[in-house]
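Here's run_36.txt, which has compact mmCIF, C-alpha atoms:
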```
# COMPACT_ATOMS: atom_id res chain seq x y z
CA MET A 1437 0.00 0.00 0.00
CA GLY A 1438 1.44 3.36 -1.00
CA ASP A 1439 0.45 7.02 -0.91
CA GLU A 1440 -1.52 6.94 -4.16
CA PRO A 1441 -3.58 10.05 -4.96
CA CYS A 1442 -7.10 9.80 -3.57
CA SER A 1443 -9.89 9.88 -6.14
CA VAL A 1444 -12.23 11.77 -3.81
CA GLY A 1445 -10.31 15.06 -3.83
CA THR A 1446 -6.89 16.66 -3.52
CA LEU A 1447 -5.22 19.30 -1.42
CA GLN A 1448 -5.40 21.68 -4.35
CA ASP A 1449 -9.17 21.09 -4.56
CA ALA A 1450 -9.53 22.09 -0.92
CA ALA A 1451 -7.52 25.24 -1.46
CA LYS A 1452 -9.42 26.31 -4.59
CA ALA A 1453 -12.95 25.24 -3.79
CA PRO A 1454 -15.13 28.04 -2.35
CA HIS A 1455 -16.83 27.36 0.95
CA PRO A 1456 -18.57 29.43 3.63
CA SER A 1457 -15.28 30.52 5.23
CA THR A 1458 -14.09 32.27 2.05
CA GLY A 1459 -15.23 35.67 3.27
CA PHE A 1460 -13.44 35.15 6.58
CA ILE A 1461 -10.23 34.17 4.80
CA ARG A 1462 -10.28 37.29 2.64
CA LYS A 1463 -11.02 39.47 5.66
CA MET A 1464 -7.90 38.23 7.42
CA GLY A 1465 -5.64 39.62 4.69
CA ALA A 1466 -7.58 42.80 4.02
CA ASN A 1467 -5.25 45.07 6.00
CA ASN A 1468 -2.06 43.83 4.33
CA SER A 1469 -1.65 44.12 0.59
CA ASN A 1470 1.23 41.65 0.71
CA ALA A 1471 -0.64 39.12 2.84
CA THR A 1472 -0.90 35.61 1.44
CA LEU A 1473 -4.36 34.15 1.79
CA PRO A 1474 -4.57 31.16 4.18
CA ALA A 1475 -5.93 29.06 1.31
CA GLU A 1476 -2.78 29.78 -0.68
CA ARG A 1477 -0.52 29.06 2.27
CA PHE A 1478 -2.54 25.90 2.85
CA ALA A 1479 -1.86 24.72 -0.70
CA LYS A 1480 1.85 25.36 -0.19
CA GLY A 1481 1.85 23.49 3.12
CA VAL A 1482 3.09 26.40 5.21
CA PRO A 1483 2.17 25.82 8.87
CA GLU A 1484 -0.08 28.40 10.45
CA ALA A 1485 -2.50 28.67 13.33
CA LEU A 1486 -6.10 29.22 12.35
CA ASP A 1487 -8.28 31.75 14.13
CA TRP A 1488 -10.79 29.26 15.49
CA THR A 1489 -12.49 31.92 17.60
CA SER A 1490 -13.70 33.47 14.34
CA LEU A 1491 -14.11 30.19 12.48
CA MET A 1492 -16.61 28.89 15.04
CA GLY A 1493 -19.00 31.64 13.98
CA VAL A 1494 -18.39 30.89 10.30
CA LEU A 1495 -18.76 27.10 10.42
CA PHE A 1496 -21.68 26.90 12.85
CA GLN A 1497 -24.97 28.61 13.55
CA PRO A 1498 -26.06 29.28 17.16
CA SER A 1499 -28.66 26.51 16.77
CA HIS A 1500 -25.82 23.98 16.35
CA LYS A 1501 -24.78 24.55 19.99
CA ALA A 1502 -21.25 23.75 18.87
CA VAL A 1503 -18.34 23.31 21.27
CA LEU A 1504 -14.67 22.85 20.39
CA LEU A 1505 -12.06 21.77 22.96
CA TYR A 1506 -8.35 21.74 22.19
CA THR A 1507 -4.99 21.56 23.91
CA SER A 1508 -3.15 24.87 23.96
CA ASP A 1509 0.49 25.90 24.39
CA GLN A 1510 -0.36 27.23 27.83
CA GLN A 1511 0.73 25.02 30.71
CA GLY A 1512 -1.00 24.30 33.99
CA PRO A 1513 0.07 22.37 37.07
CA GLY A 1514 0.76 18.65 36.83
CA PRO A 1515 1.79 15.99 39.34
CA ALA A 1516 5.26 17.59 39.57
CA PRO A 1517 6.80 20.90 38.45
CA HIS A 1518 8.67 19.19 35.60
CA LEU A 1519 5.49 17.38 34.44
CA PRO A 1520 3.06 20.20 33.59
CA ARG A 1521 -0.23 19.65 31.81
CA LYS A 1522 -1.50 21.57 28.82
CA GLU A 1523 -4.40 23.91 29.39
CA VAL A 1524 -7.51 22.76 27.54
CA LEU A 1525 -9.41 25.66 26.00
CA ALA A 1526 -13.08 25.72 25.04
CA LEU A 1527 -14.74 27.61 22.20
CA ARG A 1528 -18.43 27.84 21.45
CA SER A 1529 -20.31 28.92 18.35
CA GLU A 1530 -21.69 31.90 20.29
CA HIS A 1531 -18.90 32.73 22.74
CA SER A 1532 -15.64 31.39 24.11
CA GLY A 1533 -14.85 30.41 27.64
CA PRO A 1534 -12.32 28.65 29.82
CA ALA A 1535 -12.29 24.90 30.23
CA GLN A 1536 -13.94 25.21 33.64
CA GLU A 1537 -17.21 26.10 31.93
CA ARG A 1538 -17.47 22.67 30.34
CA GLY A 1539 -18.11 20.54 33.44
CA LEU A 1540 -21.33 19.10 32.01
CA LEU A 1541 -19.79 18.01 28.70
CA PRO A 1542 -19.52 14.24 28.12
CA VAL A 1543 -15.75 14.41 27.59
CA GLY A 1544 -12.53 14.65 29.56
CA MET A 1545 -9.16 15.67 28.12
CA VAL A 1546 -5.75 15.64 29.82
CA SER A 1547 -2.31 16.09 28.20
CA GLN A 1548 0.75 15.77 30.45
CA LYS A 1549 4.37 16.41 29.53
CA GLY A 1550 6.90 13.62 29.90
CA SER A 1551 10.46 13.85 31.18
CA LYS A 1552 12.06 14.75 27.82
CA LEU A 1553 13.71 18.14 27.30
CA GLN A 1554 11.43 18.90 24.35
CA PRO A 1555 7.99 20.46 24.82
CA ASN A 1556 4.94 18.25 25.19
CA GLN A 1557 4.55 17.02 21.61
CA ASP A 1558 1.00 15.69 21.99
CA SER A 1559 -2.07 17.59 20.79
CA ALA A 1560 -5.77 16.77 21.00
CA PHE A 1561 -9.17 18.17 20.08
CA TYR A 1562 -12.85 17.36 20.51
CA PHE A 1563 -15.91 18.98 19.01
CA HIS A 1564 -19.60 18.34 19.11
CA PHE A 1565 -22.73 19.98 17.76
CA VAL A 1566 -26.38 19.26 17.02
CA ASP A 1567 -27.13 19.02 13.30
CA SER A 1568 -30.26 20.58 11.81
CA ASP A 1569 -32.21 17.30 12.08
CA GLY A 1570 -31.46 17.06 15.81
CA SER A 1571 -28.72 14.45 15.46
CA PRO A 1572 -25.80 14.84 17.88
CA ILE A 1573 -22.41 14.77 16.13
CA TRP A 1574 -19.06 14.53 17.89
CA CYS A 1575 -15.42 13.98 17.04
CA ALA A 1576 -12.38 13.20 19.24
CA CYS A 1577 -8.76 13.11 18.11
CA VAL A 1578 -5.28 12.61 19.61
CA LEU A 1579 -2.05 13.44 17.76
CA ASP A 1580 1.36 12.40 19.10
CA GLY A 1581 4.26 14.36 17.63
CA HIS A 1582 7.78 13.01 17.21
CA GLY A 1583 11.11 14.29 15.98
CA PRO A 1584 12.81 17.63 16.68
CA LEU A 1585 9.72 19.66 15.72
CA GLY A 1586 7.04 17.11 16.52
CA HIS A 1587 5.15 19.58 18.71
CA GLU A 1588 4.72 21.89 15.72
CA MET A 1589 3.55 19.06 13.49
CA SER A 1590 0.94 17.74 15.92
CA ALA A 1591 -0.35 21.28 16.50
CA LEU A 1592 -0.64 21.81 12.74
CA GLY A 1593 -2.75 18.67 12.41
CA MET A 1594 -4.92 19.72 15.35
CA GLN A 1595 -5.54 23.11 13.73
CA TRP A 1596 -6.50 21.90 10.27
CA LEU A 1597 -8.15 18.49 10.61
CA PRO A 1598 -11.44 19.72 12.14
CA LEU A 1599 -11.84 22.22 9.31
CA LEU A 1600 -11.01 19.64 6.64
CA ILE A 1601 -13.62 17.27 8.02
CA LEU A 1602 -16.40 19.80 8.58
CA ARG A 1603 -15.92 21.41 5.17
CA GLU A 1604 -15.25 18.25 3.17
CA PRO A 1605 -17.39 18.73 0.00
CA LEU A 1606 -18.48 15.09 0.02
CA LEU A 1607 -20.49 15.69 3.20
CA ALA A 1608 -22.68 18.36 1.58
CA THR A 1609 -25.34 15.95 0.28
CA ASP A 1610 -28.31 16.68 2.55
CA PRO A 1611 -29.78 20.21 2.30
CA GLY A 1612 -29.44 22.08 5.57
CA ARG A 1613 -27.25 19.46 7.25
CA LEU A 1614 -23.54 19.71 7.92
CA ILE A 1615 -23.13 15.91 7.99
CA SER A 1616 -24.62 13.51 5.47
CA SER A 1617 -27.09 10.92 6.72
CA ASP A 1618 -25.48 8.27 4.48
CA PRO A 1619 -22.85 6.25 6.40
CA GLN A 1620 -20.81 5.41 3.30
CA THR A 1621 -20.60 9.09 2.41
CA VAL A 1622 -19.29 9.93 5.89
CA PHE A 1623 -16.78 7.07 5.66
CA THR A 1624 -15.50 8.29 2.29
CA ALA A 1625 -15.38 11.91 3.48
CA ILE A 1626 -13.13 10.94 6.39
CA GLN A 1627 -10.80 9.20 3.95
CA ALA A 1628 -10.76 12.35 1.81
CA ALA A 1629 -10.04 14.62 4.78
CA PHE A 1630 -7.13 12.41 5.83
CA GLN A 1631 -5.76 12.44 2.30
CA LYS A 1632 -5.71 16.23 2.43
CA ILE A 1633 -4.20 16.52 5.92
CA GLY A 1634 -1.60 13.96 4.85
CA GLN A 1635 -0.62 16.09 1.87
CA LEU A 1636 -0.59 19.26 3.97
CA MET A 1637 1.63 17.70 6.63
CA GLN A 1638 3.90 16.24 3.96
CA LYS A 1639 4.42 19.67 2.42
CA ALA A 1640 4.90 21.25 5.83
CA SER A 1641 7.59 18.69 6.60
CA GLU A 1642 9.33 19.45 3.30
CA THR A 1643 9.53 23.20 3.97
CA GLY A 1644 11.74 25.04 6.40
CA TRP A 1645 15.01 23.82 7.85
CA GLY A 1646 16.29 20.26 7.98
CA PRO A 1647 14.79 18.85 11.23
CA ARG A 1648 11.27 19.39 9.93
CA GLY A 1649 11.86 16.62 7.39
CA TYR A 1650 12.31 14.18 10.28
CA SER A 1651 9.33 15.44 12.28
CA GLY A 1652 5.76 14.21 12.19
CA ALA A 1653 2.80 12.99 14.20
CA THR A 1654 0.46 10.08 14.70
CA CYS A 1655 -3.29 10.66 14.46
CA THR A 1656 -6.15 8.61 15.87
CA LEU A 1657 -9.67 9.98 15.35
CA ALA A 1658 -13.25 8.99 16.16
CA PHE A 1659 -16.24 10.58 14.43
CA CYS A 1660 -19.71 9.72 15.71
CA ALA A 1661 -22.84 10.36 13.65
CA HIS A 1662 -26.26 8.72 13.43
CA GLY A 1663 -25.49 5.84 15.80
CA LEU A 1664 -22.25 4.88 14.02
CA LEU A 1665 -18.70 5.38 15.18
CA HIS A 1666 -16.23 5.97 12.33
CA THR A 1667 -12.55 5.65 13.19
CA ALA A 1668 -9.37 6.62 11.36
CA ASN A 1669 -5.84 5.90 12.49
CA VAL A 1670 -2.28 6.63 11.36
CA GLY A 1671 0.61 5.51 13.55
CA ASP A 1672 0.62 3.98 17.02
CA SER A 1673 -1.74 6.07 19.10
CA ARG A 1674 -4.78 3.98 19.91
CA MET A 1675 -8.51 3.97 20.64
CA ILE A 1676 -10.68 1.54 22.55
CA LEU A 1677 -14.45 1.26 22.97
CA GLY A 1678 -15.52 0.22 26.44
CA THR A 1679 -18.94 -1.26 27.22
CA LEU A 1680 -20.44 -1.61 30.68
CA PRO A 1681 -23.14 -4.23 31.23
CA VAL A 1682 -26.74 -3.24 31.87
CA GLY A 1683 -27.07 -2.41 35.55
CA ALA A 1684 -23.30 -2.08 35.89
CA SER A 1685 -23.44 -1.50 39.65
CA ARG A 1686 -25.06 -4.93 40.05
CA ALA A 1687 -22.52 -6.55 37.74
CA GLN A 1688 -19.66 -6.01 40.18
CA GLY A 1689 -18.52 -9.10 41.99
CA GLU A 1690 -17.86 -9.47 45.70
CA SER A 1691 -14.38 -8.09 45.13
CA GLY A 1692 -15.89 -4.90 43.78
CA GLU A 1693 -14.26 -5.39 40.37
CA LEU A 1694 -16.19 -4.19 37.36
CA LYS A 1695 -15.68 -6.10 34.14
CA ALA A 1696 -15.95 -3.70 31.24
CA ASP A 1697 -15.88 -5.17 27.77
CA CYS A 1698 -13.03 -3.73 25.71
CA ARG A 1699 -12.93 -3.48 21.92
CA ILE A 1700 -9.72 -2.22 20.31
CA LEU A 1701 -10.73 0.08 17.46
CA THR A 1702 -7.35 0.76 15.85
CA ARG A 1703 -4.27 -1.13 14.69
CA ASP A 1704 -0.78 0.05 15.53
CA HIS A 1705 1.23 0.60 12.36
CA LYS A 1706 4.60 -1.01 12.98
CA PRO A 1707 7.46 -1.54 10.48
CA GLU A 1708 7.87 -5.22 11.39
CA ASP A 1709 4.33 -6.09 10.25
CA PRO A 1710 4.71 -8.12 7.01
CA ASP A 1711 2.54 -5.91 4.78
CA GLU A 1712 4.08 -2.70 6.14
CA ARG A 1713 7.62 -4.04 5.82
CA LEU A 1714 7.05 -5.12 2.22
CA ARG A 1715 5.93 -1.63 1.16
CA ILE A 1716 8.81 0.07 2.95
CA GLU A 1717 11.53 -2.21 1.58
CA GLN A 1718 10.14 -1.99 -1.96
CA LEU A 1719 10.55 1.80 -1.76
CA GLY A 1720 14.09 1.73 -0.41
CA GLY A 1721 13.58 1.91 3.33
CA ILE A 1722 15.43 -0.30 5.81
CA VAL A 1723 13.49 -2.11 8.54
CA ALA A 1724 15.65 -3.08 11.52
CA ARG A 1725 15.19 -3.12 15.29
CA GLN A 1726 11.47 -2.33 14.85
CA ARG A 1727 12.22 0.95 13.09
CA VAL A 1728 12.30 2.41 9.58
CA TYR A 1729 15.74 3.77 8.63
CA LEU A 1730 17.11 5.82 5.78
CA ASP A 1731 20.12 4.39 3.96
CA GLU A 1732 21.88 7.76 4.27
CA TRP A 1733 23.00 10.22 6.89
CA PRO A 1734 21.66 11.03 9.49
CA TYR A 1735 20.35 7.44 9.61
CA VAL A 1736 17.31 8.39 11.71
CA GLY A 1737 14.88 5.65 12.68
CA LEU A 1738 11.09 5.92 13.01
CA ASN A 1739 9.32 3.34 15.17
CA MET A 1740 6.12 3.36 13.13
CA SER A 1741 5.29 2.65 9.50
CA ARG A 1742 2.60 5.34 9.00
CA SER A 1743 2.55 8.94 10.14
CA LEU A 1744 1.66 12.49 9.16
CA GLY A 1745 4.68 14.54 8.11
CA ASP A 1746 8.12 12.86 8.19
CA ALA A 1747 8.84 13.82 4.56
CA LYS A 1748 12.28 12.20 4.49
CA LEU A 1749 10.90 8.86 5.67
CA HIS A 1750 7.81 9.02 3.49
CA ALA A 1751 10.21 8.98 0.56
CA VAL A 1752 11.17 5.44 1.58
CA GLY A 1753 7.76 3.92 2.21
CA VAL A 1754 6.28 5.43 5.38
CA SER A 1755 2.64 6.24 4.54
CA HIS A 1756 -0.01 8.69 5.67
CA VAL A 1757 -2.91 6.51 4.45
CA PRO A 1758 -5.17 5.73 7.44
CA ASP A 1759 -7.05 2.62 8.43
CA VAL A 1760 -10.71 3.69 8.39
CA ALA A 1761 -13.47 1.57 9.92
CA THR A 1762 -17.05 1.84 11.20
CA VAL A 1763 -18.74 0.18 14.17
CA PHE A 1764 -22.32 0.22 15.45
CA LEU A 1765 -22.88 1.61 18.92
CA GLU A 1766 -24.93 -0.46 21.34
CA SER A 1767 -25.75 2.70 23.27
CA ALA A 1768 -27.45 4.37 20.28
CA GLY A 1769 -31.14 4.75 19.67
CA SER A 1770 -32.74 5.49 23.04
CA GLN A 1771 -32.48 7.70 26.08
CA GLN A 1772 -33.47 4.88 28.43
CA PRO A 1773 -30.43 2.64 29.02
CA GLU A 1774 -32.23 0.96 31.92
CA ASN A 1775 -34.43 -0.72 29.31
CA GLY A 1776 -31.53 -2.76 28.00
CA LEU A 1777 -29.02 -0.47 26.33
CA LYS A 1778 -25.44 -0.67 27.50
CA GLN A 1779 -23.32 2.26 28.59
CA GLN A 1780 -20.36 2.79 26.30
CA PHE A 1781 -17.30 5.02 26.42
CA LEU A 1782 -14.39 5.83 24.16
CA VAL A 1783 -10.77 6.16 25.23
CA ALA A 1784 -8.32 7.73 22.77
CA ALA A 1785 -4.73 8.11 23.92
CA SER A 1786 -1.13 8.49 22.82
CA ASP A 1787 1.30 5.63 23.28
CA GLY A 1788 2.29 7.14 26.62
CA VAL A 1789 -0.68 5.12 27.87
CA TRP A 1790 -0.55 2.02 25.71
CA ASP A 1791 3.16 1.16 25.93
CA PHE A 1792 2.78 -0.19 29.46
CA THR A 1793 -0.97 -0.29 30.13
CA PRO A 1794 -3.00 -3.09 28.47
CA CYS A 1795 -6.21 -2.05 26.73
CA ASP A 1796 -8.50 -4.16 28.92
CA GLU A 1797 -6.85 -2.73 32.04
CA ALA A 1798 -7.49 0.81 30.82
CA ALA A 1799 -11.12 -0.05 29.99
CA GLU A 1800 -11.78 -1.50 33.44
CA LEU A 1801 -10.14 1.47 35.15
CA VAL A 1802 -12.19 4.01 33.19
CA GLY A 1803 -15.35 1.93 33.60
CA ARG A 1804 -14.94 1.87 37.39
CA GLU A 1805 -14.37 5.61 37.51
CA LEU A 1806 -17.42 6.32 35.34
CA GLN A 1807 -19.59 4.09 37.49
CA ALA A 1808 -18.33 5.73 40.70
CA MET A 1809 -18.98 9.16 39.21
CA GLN A 1810 -22.57 8.21 38.37
CA MET A 1811 -23.25 6.65 41.77
CA THR A 1812 -21.94 9.66 43.69
CA ARG A 1813 -23.25 12.17 41.13
CA GLY A 1814 -19.98 14.02 41.53
CA GLY A 1815 -16.79 14.63 39.59
CA ASN A 1816 -16.29 15.07 35.87
CA LEU A 1817 -14.62 13.29 33.00
CA ASP A 1818 -11.43 15.32 33.31
CA GLN A 1819 -10.96 13.58 36.63
CA VAL A 1820 -11.59 10.20 34.99
CA SER A 1821 -8.98 11.02 32.34
CA SER A 1822 -6.54 12.10 35.06
CA VAL A 1823 -6.90 8.75 36.82
CA LEU A 1824 -5.86 6.94 33.65
CA VAL A 1825 -2.96 9.37 33.12
CA ARG A 1826 -1.68 8.75 36.64
CA HIS A 1827 -2.04 5.00 36.20
CA ALA A 1828 -0.13 5.12 32.90
CA GLN A 1829 2.59 7.25 34.47
CA SER A 1830 3.07 4.75 37.31
CA ALA A 1831 3.17 1.83 34.89
CA TRP A 1832 5.68 3.65 32.69
CA GLU A 1833 7.98 4.66 35.56
CA ALA A 1834 8.02 1.06 36.82
CA GLU A 1835 9.51 -0.03 33.47
CA CYS A 1836 11.41 2.95 32.03
CA PRO A 1837 12.98 6.11 33.51
CA ASP A 1838 12.23 8.24 30.42
CA LEU A 1839 8.56 9.08 30.87
CA ASP A 1840 6.74 9.83 27.62
CA ASP A 1841 4.13 12.52 27.05
CA ILE A 1842 0.70 11.15 28.00
CA THR A 1843 -2.54 12.37 26.46
CA VAL A 1844 -6.00 10.92 27.15
CA ILE A 1845 -9.51 11.71 25.89
CA VAL A 1846 -12.46 9.93 27.53
CA VAL A 1847 -15.90 10.32 25.94
CA ALA A 1848 -19.02 9.02 27.69
CA ILE A 1849 -21.16 8.06 24.71
CA GLU A 1850 -24.64 9.35 25.31
CA PRO A 1851 -27.78 7.75 23.84
CA GLU A 1852 -29.18 9.49 20.80
CA PRO A 1853 -32.62 11.08 21.09
CA PRO A 1854 -35.35 9.16 19.26
CA HIS A 1855 -36.09 10.38 15.75
CA LEU A 1856 -39.82 10.87 15.25
```

Take the structure in the file and write it out as structure tokens.
Amino acid sequence: MGDEPCSVGTLQDAAKAPHPSTGFIRKMGANNSNATLPAERFAKGVPEALDWTSLMGVLFQPSHKAVLLYTSDQQGPGPAPHLPRKEVLALRSEHSGPAQERGLLPVGMVSQKGSKLQPNQDSAFYFHFVDSDGSPIWCACVLDGHGPLGHEMSALGMQWLPLLILREPLLATDPGRLISSDPQTVFTAIQAAFQKIGQLMQKASETGWGPRGYSGATCTLAFCAHGLLHTANVGDSRMILGTLPVGASRAQGESGELKADCRILTRDHKPEDPDERLRIEQLGGIVARQRVYLDEWPYVGLNMSRSLGDAKLHAVGVSHVPDVATVFLESAGSQQPENGLKQQFLVAASDGVWDFTPCDEAAELVGRELQAMQMTRGGNLDQVSSVLVRHAQSAWEAECPDLDDITVIVVAIEPEPPHL
């Protein structure tokens, strides 16, 4: 499998095609005759931060009740002074506000720096809104940067991927709706958006000074619409879907242990996998010691076979093509889980969690915390995410002194309202 052009659209199409944010883009450059339009910079792959405070009002109407959460460059306190956590900022389609205003949202997000000298290279975002037909739509994504400028690359993906998904032309099939009601259309649109972010990150990695060519990011994303969970993954960040049995409090044994079912939604892309290794070696890459190497100086090695960015290594077979899949949600279709629906939750995290914490262990931990939160009617999902971060940190430090960055998103999947 290579990085063949995608038939559903190209980066140039995204840059040239008009969409509702065109007026906003022109307004940004109005005061500078030499300003390059963001669409033009986008086509050239030049990294930039988008003004999401303004874009929220362009992409959404107040009736969408849209919320966007994202990790910022600002740092807050962590478990130790050398392990700060990124501040999570919240934007709304009508106004912006600090993360503290989002206590009732069904999501928790924590990103903690590791012990490396570099900045925290993880980024994450989450958005949700109500479409015009009343359907709740949400999306969660974790990006784990690597290389000298990995923090810049993950931030670039975080900035652009929500826009590429929400304004993917393939989704504009149902009048008045932002998201198509056809599952295959949504599936194909996610593939198209990843093709475009892959091209953007590739060009960004090719520009600038040398280290950018050896910098990139993983990306694991979940997009929920109409009772279906669509997933896309590049690299070795990971997502799991946890399911608690009906009447979960009664399902606990005498020991108090809660058995949450765990479904792994993504596949780690590793160079030693036979199909990945074949592609890499056919294109001139060297697979050794579970890494992809260049046969030239500086002989850098990448411990994954797919990523966003990493232009030098993409030349020898590393790919930005995602695995995309769709699963049905058992929690969809009713607002009365006591009548037989199961409670489900999503955990998306960087490999700072998964390297030393098994998936089923993470699912049971999060499931217990969710159940305790419901029984006491206290706490929030940030606290649930923090519990998993602390657990992953302890597991990591028991095995390795070089603690990695750890980023966790936990989404409590809420039942959809009935459609009359």

Neighbour list for Val1802 in chain A as JSON, numbers by chain, cut-off 9 Å, all atoms listed in the file, skip fewer than 5 positions in-chain: {"A": [1678, 1696, 1781, 1783, 1797, 1807, 1820, 1821, 1823, 1824, 1846]}

Might you pull out every residue within 7 Å of range 1506-1509 of chain A, with only C-alpha atoms counted and same-chain residues fewer than 2 positions away left off, and present them as a VMD selection string? chain A and resid 1504 1511 1522 to 1526 1559 to 1562

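Omitting Gln1554 in chain A and its sequence neighbours fewer than 6 positions away, and counting all atoms listed in the file, the residues within 10 Å are A:His1582, A:Gly1583, A:Pro1584, A:Leu1585, A:Gly1586, A:His1587.
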
Could you check the closest approach to Val1543 in chain A for each of A:Ala1608, A:Val1763, A:Leu1505, A:Val1728 and tell me which residue wins, using only C-alpha atoms?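 Selected residue with least distance to Val1543 in chain A: A:Leu1505.
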
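For range 1735-1741 of chain A, the set of protein, DNA and RNA residues having any atom at most 6 Å away, when counting only C-alpha atoms and skipping those fewer than 3 positions along the same chain, is Gly1671, His1705, Lys1706, Pro1707, Arg1727, Val1728, Tyr1729, Leu1730, Glu1732 and Val1754 of chain A.
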
Rank A:Gly1753, A:Pro1611, A:Pro1758, A:Gly1721 by their smallest atom-to-atom distance to Asp1704 in chain A, using only C-alpha atoms, and report the top residue only. A:Pro1758
